[in-house]
$ cat upload_36.txt   # compact mmCIF, C-alpha atoms and all ligand atoms
# COMPACT_ATOMS: atom_id res chain seq x y z
CA MET A 1 101.80 122.13 66.15
CA LYS A 2 101.07 125.33 64.21
CA HIS A 3 100.74 128.66 66.06
CA ARG A 4 98.21 131.23 64.89
CA ASN A 5 98.86 134.57 66.62
CA PRO A 6 95.95 135.67 68.76
CA GLN A 7 95.22 139.43 68.90
CA ASN A 8 94.98 140.33 72.59
CA LYS A 9 95.33 138.90 76.10
CA TYR A 10 91.68 137.79 76.35
CA GLN A 11 91.88 135.99 73.05
CA THR A 12 95.24 134.53 74.12
CA ALA A 13 93.78 132.89 77.20
CA ASP A 14 90.85 131.50 75.26
CA PHE A 15 92.84 130.56 72.21
CA TYR A 16 95.42 128.37 73.96
CA ALA A 17 92.94 126.83 76.41
CA ARG A 18 90.61 125.88 73.54
CA LYS A 19 93.50 124.59 71.46
CA ALA A 20 94.70 122.40 74.38
CA LYS A 21 91.21 120.96 74.80
CA LYS A 22 90.89 120.24 71.10
CA GLU A 23 94.33 118.61 70.93
CA GLU A 24 93.63 116.63 74.14
CA PHE A 25 96.37 118.13 76.30
CA ALA A 26 95.75 118.48 80.03
CA ALA A 27 96.66 122.19 80.12
CA ARG A 28 97.39 125.24 77.96
CA SER A 29 100.96 125.24 79.43
CA VAL A 30 101.86 122.66 76.78
CA TYR A 31 102.27 125.44 74.18
CA LYS A 32 105.07 127.03 76.22
CA LEU A 33 107.09 123.82 76.08
CA ASP A 34 106.10 123.33 72.44
CA GLU A 35 107.47 126.76 71.52
CA ILE A 36 110.74 126.04 73.35
CA GLN A 37 111.00 122.61 71.70
CA GLN A 38 110.24 124.00 68.20
CA LYS A 39 113.01 126.53 68.70
CA TYR A 40 115.73 124.48 70.40
CA ARG A 41 114.85 120.77 69.87
CA LEU A 42 116.09 119.84 73.33
CA ILE A 43 114.06 116.63 73.78
CA LYS A 44 115.21 113.93 71.40
CA LYS A 45 113.95 110.43 70.61
CA GLY A 46 115.01 107.95 73.28
CA ASP A 47 115.71 110.65 75.89
CA LYS A 48 115.16 110.26 79.62
CA VAL A 49 113.21 113.32 80.78
CA LEU A 50 112.45 114.50 84.32
CA ASP A 51 109.45 116.83 84.74
CA LEU A 52 109.33 118.69 88.09
CA GLY A 53 105.89 120.12 88.92
CA CYS A 54 104.18 117.95 86.32
CA ALA A 55 100.45 118.17 87.25
CA PRO A 56 97.95 118.28 85.59
CA GLY A 57 100.17 116.58 83.01
CA SER A 58 100.40 118.39 79.67
CA TRP A 59 104.22 118.56 79.71
CA LEU A 60 104.30 114.83 80.52
CA GLN A 61 102.08 114.12 77.50
CA TYR A 62 104.21 116.31 75.25
CA ALA A 63 107.60 115.11 76.53
CA ALA A 64 106.45 111.49 76.09
CA GLN A 65 105.55 112.20 72.44
CA GLN A 66 108.87 113.89 71.77
CA ALA A 67 110.96 111.21 73.52
CA GLY A 68 109.03 108.43 71.74
CA ASN A 69 108.52 104.79 72.76
CA LYS A 70 112.15 104.28 73.64
CA GLY A 71 112.25 107.41 75.80
CA ARG A 72 111.28 107.57 79.47
CA VAL A 73 109.56 110.39 81.36
CA LEU A 74 109.36 110.72 85.14
CA GLY A 75 107.10 113.39 86.63
CA ILE A 76 106.98 114.67 90.21
CA ASP A 77 104.31 116.86 91.78
CA LEU A 78 102.65 117.60 95.11
CA LYS A 79 99.36 116.78 93.38
CA GLU A 80 98.19 113.56 91.77
CA VAL A 81 98.06 113.48 87.98
CA ALA A 82 94.53 112.40 87.07
CA ILE A 83 94.81 111.89 83.29
CA SER A 84 95.79 108.60 81.72
CA LEU A 85 99.35 108.66 80.47
CA PRO A 86 101.40 106.77 77.88
CA ALA A 87 103.31 103.66 79.00
CA ASN A 88 106.68 105.44 78.95
CA VAL A 89 105.59 107.90 81.69
CA ARG A 90 105.78 107.38 85.46
CA VAL A 91 104.61 109.84 88.10
CA VAL A 92 105.67 110.20 91.73
CA CYS A 93 103.69 112.29 94.20
CA GLY A 94 106.11 114.29 96.35
CA ASP A 95 107.62 117.61 97.33
CA VAL A 96 110.56 118.71 95.19
CA LEU A 97 111.83 120.95 98.02
CA ASP A 98 112.19 117.89 100.27
CA LEU A 99 113.85 115.82 97.54
CA ALA A 100 116.41 118.55 96.86
CA ASP A 101 117.31 118.53 100.58
CA GLN A 102 117.59 114.75 100.93
CA LYS A 103 120.33 113.49 98.63
CA GLU A 104 119.76 109.76 99.25
CA ASN A 105 116.01 110.02 98.83
CA MET A 106 116.57 112.08 95.68
CA ALA A 107 118.89 109.48 94.18
CA ARG A 108 116.48 106.64 95.09
CA THR A 109 113.36 108.41 93.77
CA ILE A 110 114.78 110.05 90.67
CA GLY A 111 117.92 108.17 89.66
CA SER A 112 120.29 109.79 87.18
CA GLY A 113 121.36 109.91 83.53
CA TYR A 114 118.64 112.29 82.31
CA GLN A 115 119.11 114.17 79.06
CA VAL A 116 116.53 116.84 79.96
CA VAL A 117 115.17 118.20 83.26
CA LEU A 118 112.06 120.39 83.05
CA SER A 119 110.62 122.53 85.82
CA ASP A 120 107.31 124.32 85.33
CA MET A 121 106.83 124.49 89.11
CA ALA A 122 104.87 127.42 90.47
CA PRO A 123 104.09 128.27 94.08
CA SER A 124 100.50 128.95 95.15
CA THR A 125 100.36 132.67 94.50
CA THR A 126 99.46 135.23 97.18
CA GLY A 127 99.14 138.26 94.87
CA HIS A 128 102.07 139.86 96.72
CA LYS A 129 104.73 140.06 93.99
CA GLU A 130 107.83 139.88 96.22
CA THR A 131 106.49 136.88 98.16
CA ASP A 132 105.47 135.03 95.01
CA SER A 133 108.78 135.63 93.24
CA ALA A 134 110.76 134.61 96.38
CA ARG A 135 108.80 131.33 96.54
CA SER A 136 109.31 130.75 92.84
CA TYR A 137 113.06 131.34 93.31
CA GLN A 138 113.13 128.75 96.12
CA LEU A 139 111.50 126.18 93.79
CA CYS A 140 113.98 127.05 91.02
CA VAL A 141 116.97 126.59 93.33
CA ALA A 142 115.63 123.14 94.27
CA ALA A 143 115.02 122.28 90.59
CA LEU A 144 118.56 123.33 89.69
CA ALA A 145 120.06 121.24 92.51
CA ILE A 146 118.11 118.22 91.24
CA ALA A 147 119.10 118.95 87.64
CA ALA A 148 122.77 119.24 88.65
CA ALA A 149 122.60 115.87 90.44
CA SER A 150 120.56 113.93 87.89
CA LEU A 151 121.45 115.23 84.42
CA ALA A 152 123.98 113.47 82.25
CA GLU A 153 126.92 115.58 81.12
CA GLY A 154 125.77 117.74 78.17
CA GLY A 155 122.12 117.61 79.32
CA ALA A 156 119.58 120.45 79.24
CA PHE A 157 117.49 122.24 81.86
CA ILE A 158 114.33 124.27 81.24
CA CYS A 159 113.04 126.16 84.26
CA LYS A 160 110.19 128.59 84.85
CA ILE A 161 110.83 131.47 87.23
CA PHE A 162 108.69 134.42 88.29
CA GLN A 163 110.88 137.44 87.65
CA GLY A 164 111.77 139.30 90.83
CA GLY A 165 114.72 140.40 92.93
CA ASP A 166 116.46 137.01 92.80
CA PHE A 167 116.21 136.56 89.05
CA GLU A 168 119.79 137.62 88.22
CA ASP A 169 121.18 135.39 91.01
CA PHE A 170 119.38 132.42 89.52
CA VAL A 171 120.63 133.21 86.02
CA ARG A 172 124.19 133.27 87.42
CA SER A 173 123.68 129.89 89.12
CA VAL A 174 122.36 128.31 85.91
CA ARG A 175 125.28 129.81 83.99
CA SER A 176 127.77 128.20 86.38
CA ALA A 177 126.33 124.72 85.76
CA PHE A 178 125.76 124.91 81.96
CA ASP A 179 127.82 125.93 78.92
CA ARG A 180 125.08 128.13 77.42
CA ILE A 181 121.92 129.80 78.65
CA LYS A 182 118.88 131.33 76.96
CA ILE A 183 115.98 133.24 78.42
CA ILE A 184 112.61 133.07 76.71
CA LYS A 185 109.05 134.26 77.33
CA PRO A 186 106.89 132.04 75.11
CA GLN A 187 104.02 133.70 73.20
CA SER A 188 101.46 131.62 75.04
CA CYS A 189 102.47 133.09 78.45
CA ARG A 190 99.86 135.54 79.61
CA LYS A 191 101.24 139.03 78.92
CA GLU A 192 100.58 140.21 82.49
CA SER A 193 102.39 137.16 83.94
CA LYS A 194 105.87 137.58 85.45
CA GLU A 195 106.87 134.08 84.39
CA ILE A 196 109.84 133.53 82.15
CA TYR A 197 111.84 130.42 81.20
CA ILE A 198 115.58 129.96 81.65
CA ILE A 199 117.21 127.30 79.52
CA GLY A 200 120.62 125.84 80.29
CA THR A 201 122.25 123.58 77.71
CA GLY A 202 125.50 121.63 77.84
CA LYS A 203 125.49 120.59 81.50
CA LYS A 204 129.05 120.79 82.75
CA ARG A 205 130.70 117.79 84.39
CA GLU A 206 131.26 119.83 87.51
CA GLY A 207 129.16 122.84 88.34
CA LEU A 208 127.25 124.46 91.17
C1 LIG A 301 101.88 125.42 86.31
S1 LIG A 301 101.69 123.87 87.11
C2 LIG A 301 102.57 122.80 86.00
C3 LIG A 301 101.81 122.51 84.75
C4 LIG A 301 102.41 121.35 83.98
N1 LIG A 301 103.69 121.73 83.38
C5 LIG A 301 101.49 120.89 82.88
O1 LIG A 301 101.79 121.23 81.73
O2 LIG A 301 100.50 120.23 83.14
C6 LIG A 301 102.77 123.99 88.47
C7 LIG A 301 102.85 122.77 89.33
O3 LIG A 301 103.93 122.90 90.26
C8 LIG A 301 103.60 122.09 91.37
N2 LIG A 301 104.45 122.38 92.52
C9 LIG A 301 104.55 123.54 93.21
N3 LIG A 301 105.40 123.41 94.25
C10 LIG A 301 105.87 122.12 94.21
C11 LIG A 301 106.76 121.37 95.03
N4 LIG A 301 107.35 121.91 96.09
N5 LIG A 301 106.99 120.07 94.71
C12 LIG A 301 106.37 119.51 93.63
N6 LIG A 301 105.52 120.18 92.82
C13 LIG A 301 105.26 121.46 93.10
C14 LIG A 301 102.13 122.42 91.60
O4 LIG A 301 101.51 121.43 92.39
C15 LIG A 301 101.59 122.52 90.18
O5 LIG A 301 100.98 121.33 89.78

$ encode --input "upload_36.txt" --output "structure tokens"
Amino acid sequence: MKHRNPQNKYQTADFYARKAKKEEFAARSVYKLDEIQQKYRLIKKGDKVLDLGCAPGSWLQYAAQQAGNKGRVLGIDLKEVAISLPANVRVVCGDVLDLADQKENMARTIGSGYQVVLSDMAPSTTGHKETDSARSYQLCVAALAIAAASLAEGGAFICKIFQGGDFEDFVRSVRSAFDRIKIIKPQSCRKESKEIYIIGTGKKREGL
């Protein structure tokens, strides 16, 4: 996918939404994952990928392409995914916060041995910055617990967080479970948005 740089935030919103429609992706969010993938090549052919907060489905579509026919993608979301998906993708409707709390249910629903765990989860926003970032942090903590339990050693974690008071704590937690971390705000994020992506690579055998 080639990126042409749009000029301002209004064009940005339109540009990526129109591009997603033209390229038949379910949402403009796909270009955030695309930018991360172009830069770090974390999803490889044959990989098992877990996508937390997967609806409406653009990351599922993209991860399935990158992992190829021999790869497998499992998505989880509170909402149903309405688009038709490739054969190597499976979706479960559920609450990631519950799964992170229930170890047996987590193991049964998700399994293990993933090479990449993605979380683009976002809470329903209230407009109150502290509340929204605290809820985002809670989702990130759950995503990290699931990543720690389900990733193979050496695996990678990509997680969206709304920057707020707990941001540094979360960075520290990711650092304790992975050999390296990166923090990236993809070009296609709306400039006014507080969202940012933390990437952990080289999942440690022990950690958290
Ligand atoms: C920004 S959307 C994800 C977009 C997706 N990456 C895509 O490209 O289509 C955030 C998603 O997180 C989901 N979400 C929020 N809280 C959740 C939870 N506790 N468990 C599961 N999914 C959750 C929402 O339902 C929403 O679909």

$ closest_residue --input "upload_36.txt" --among "A:Ala177, A:Ile110, A:Pro123, A:Asp34" --to "Leu78 of chain A" --atoms "all atoms listed in the file"
A:Pro123

$ residues_near_ligand --input "upload_36.txt" --ligand "ligand LIG 301 (chain A)" --cutoff "6 Å" --atoms "only C-alpha atoms and all ligand atoms" --output "PyMOL selection string"
chain A and resi 26-27+29-30+53-59+76-79+94-97+120-123

$ closest_residue --input "upload_36.txt" --among "A:Ala63, A:Arg190, A:Ala152, A:Gln163" --to "Ala134 of chain A" --atoms "only C-alpha atoms"
A:Gln163

$ atom_distance --input "upload_36.txt" --atom1 "atom CA of Cys93 of chain A" --atom2 "atom CA of Pro186 of chain A"
27.7 Å

$ residues_near_point --input "upload_36.txt" --point "(114.8, 128.2, 96.7)" --cutoff "12 Å" --atoms "all atoms listed in the file" --output "VMD selection string"
chain A and resid 96 to 98 100 to 101 121 to 123 132 to 146 161 166 to 167 169 to 170 173

$ residues_around --input "upload_36.txt" --residues "Glu23 of chain A" --least-positions-apart "4" --cutoff "12 Å" --atoms "all atoms listed in the file" --output "NGL selection string"
:A and (1-2 or 16-19 or 27-28 or 30-31 or 58 or 61-62)

$ closest_residue --input "upload_36.txt" --among "A:Val91, A:Ser84, A:Gly68, A:Leu50" --to "Gly113 of chain A" --atoms "all atoms listed in the file"
A:Leu50

$ closest_residue --input "upload_36.txt" --among "A:Gly127, A:Asp14, A:Pro86, A:Lys32" --to "Ile196 of chain A" --atoms "only C-alpha atoms"
A:Lys32

$ atom_distance --input "upload_36.txt" --atom1 "atom CA of Asn105 of chain A" --atom2 "atom CA of Val117 of chain A"
17.6 Å

$ closest_residue --input "upload_36.txt" --among "A:Glu153, A:Asp51, A:Glu80, A:Glu168" --to "Ser119 of chain A" --atoms "all atoms listed in the file"
A:Asp51
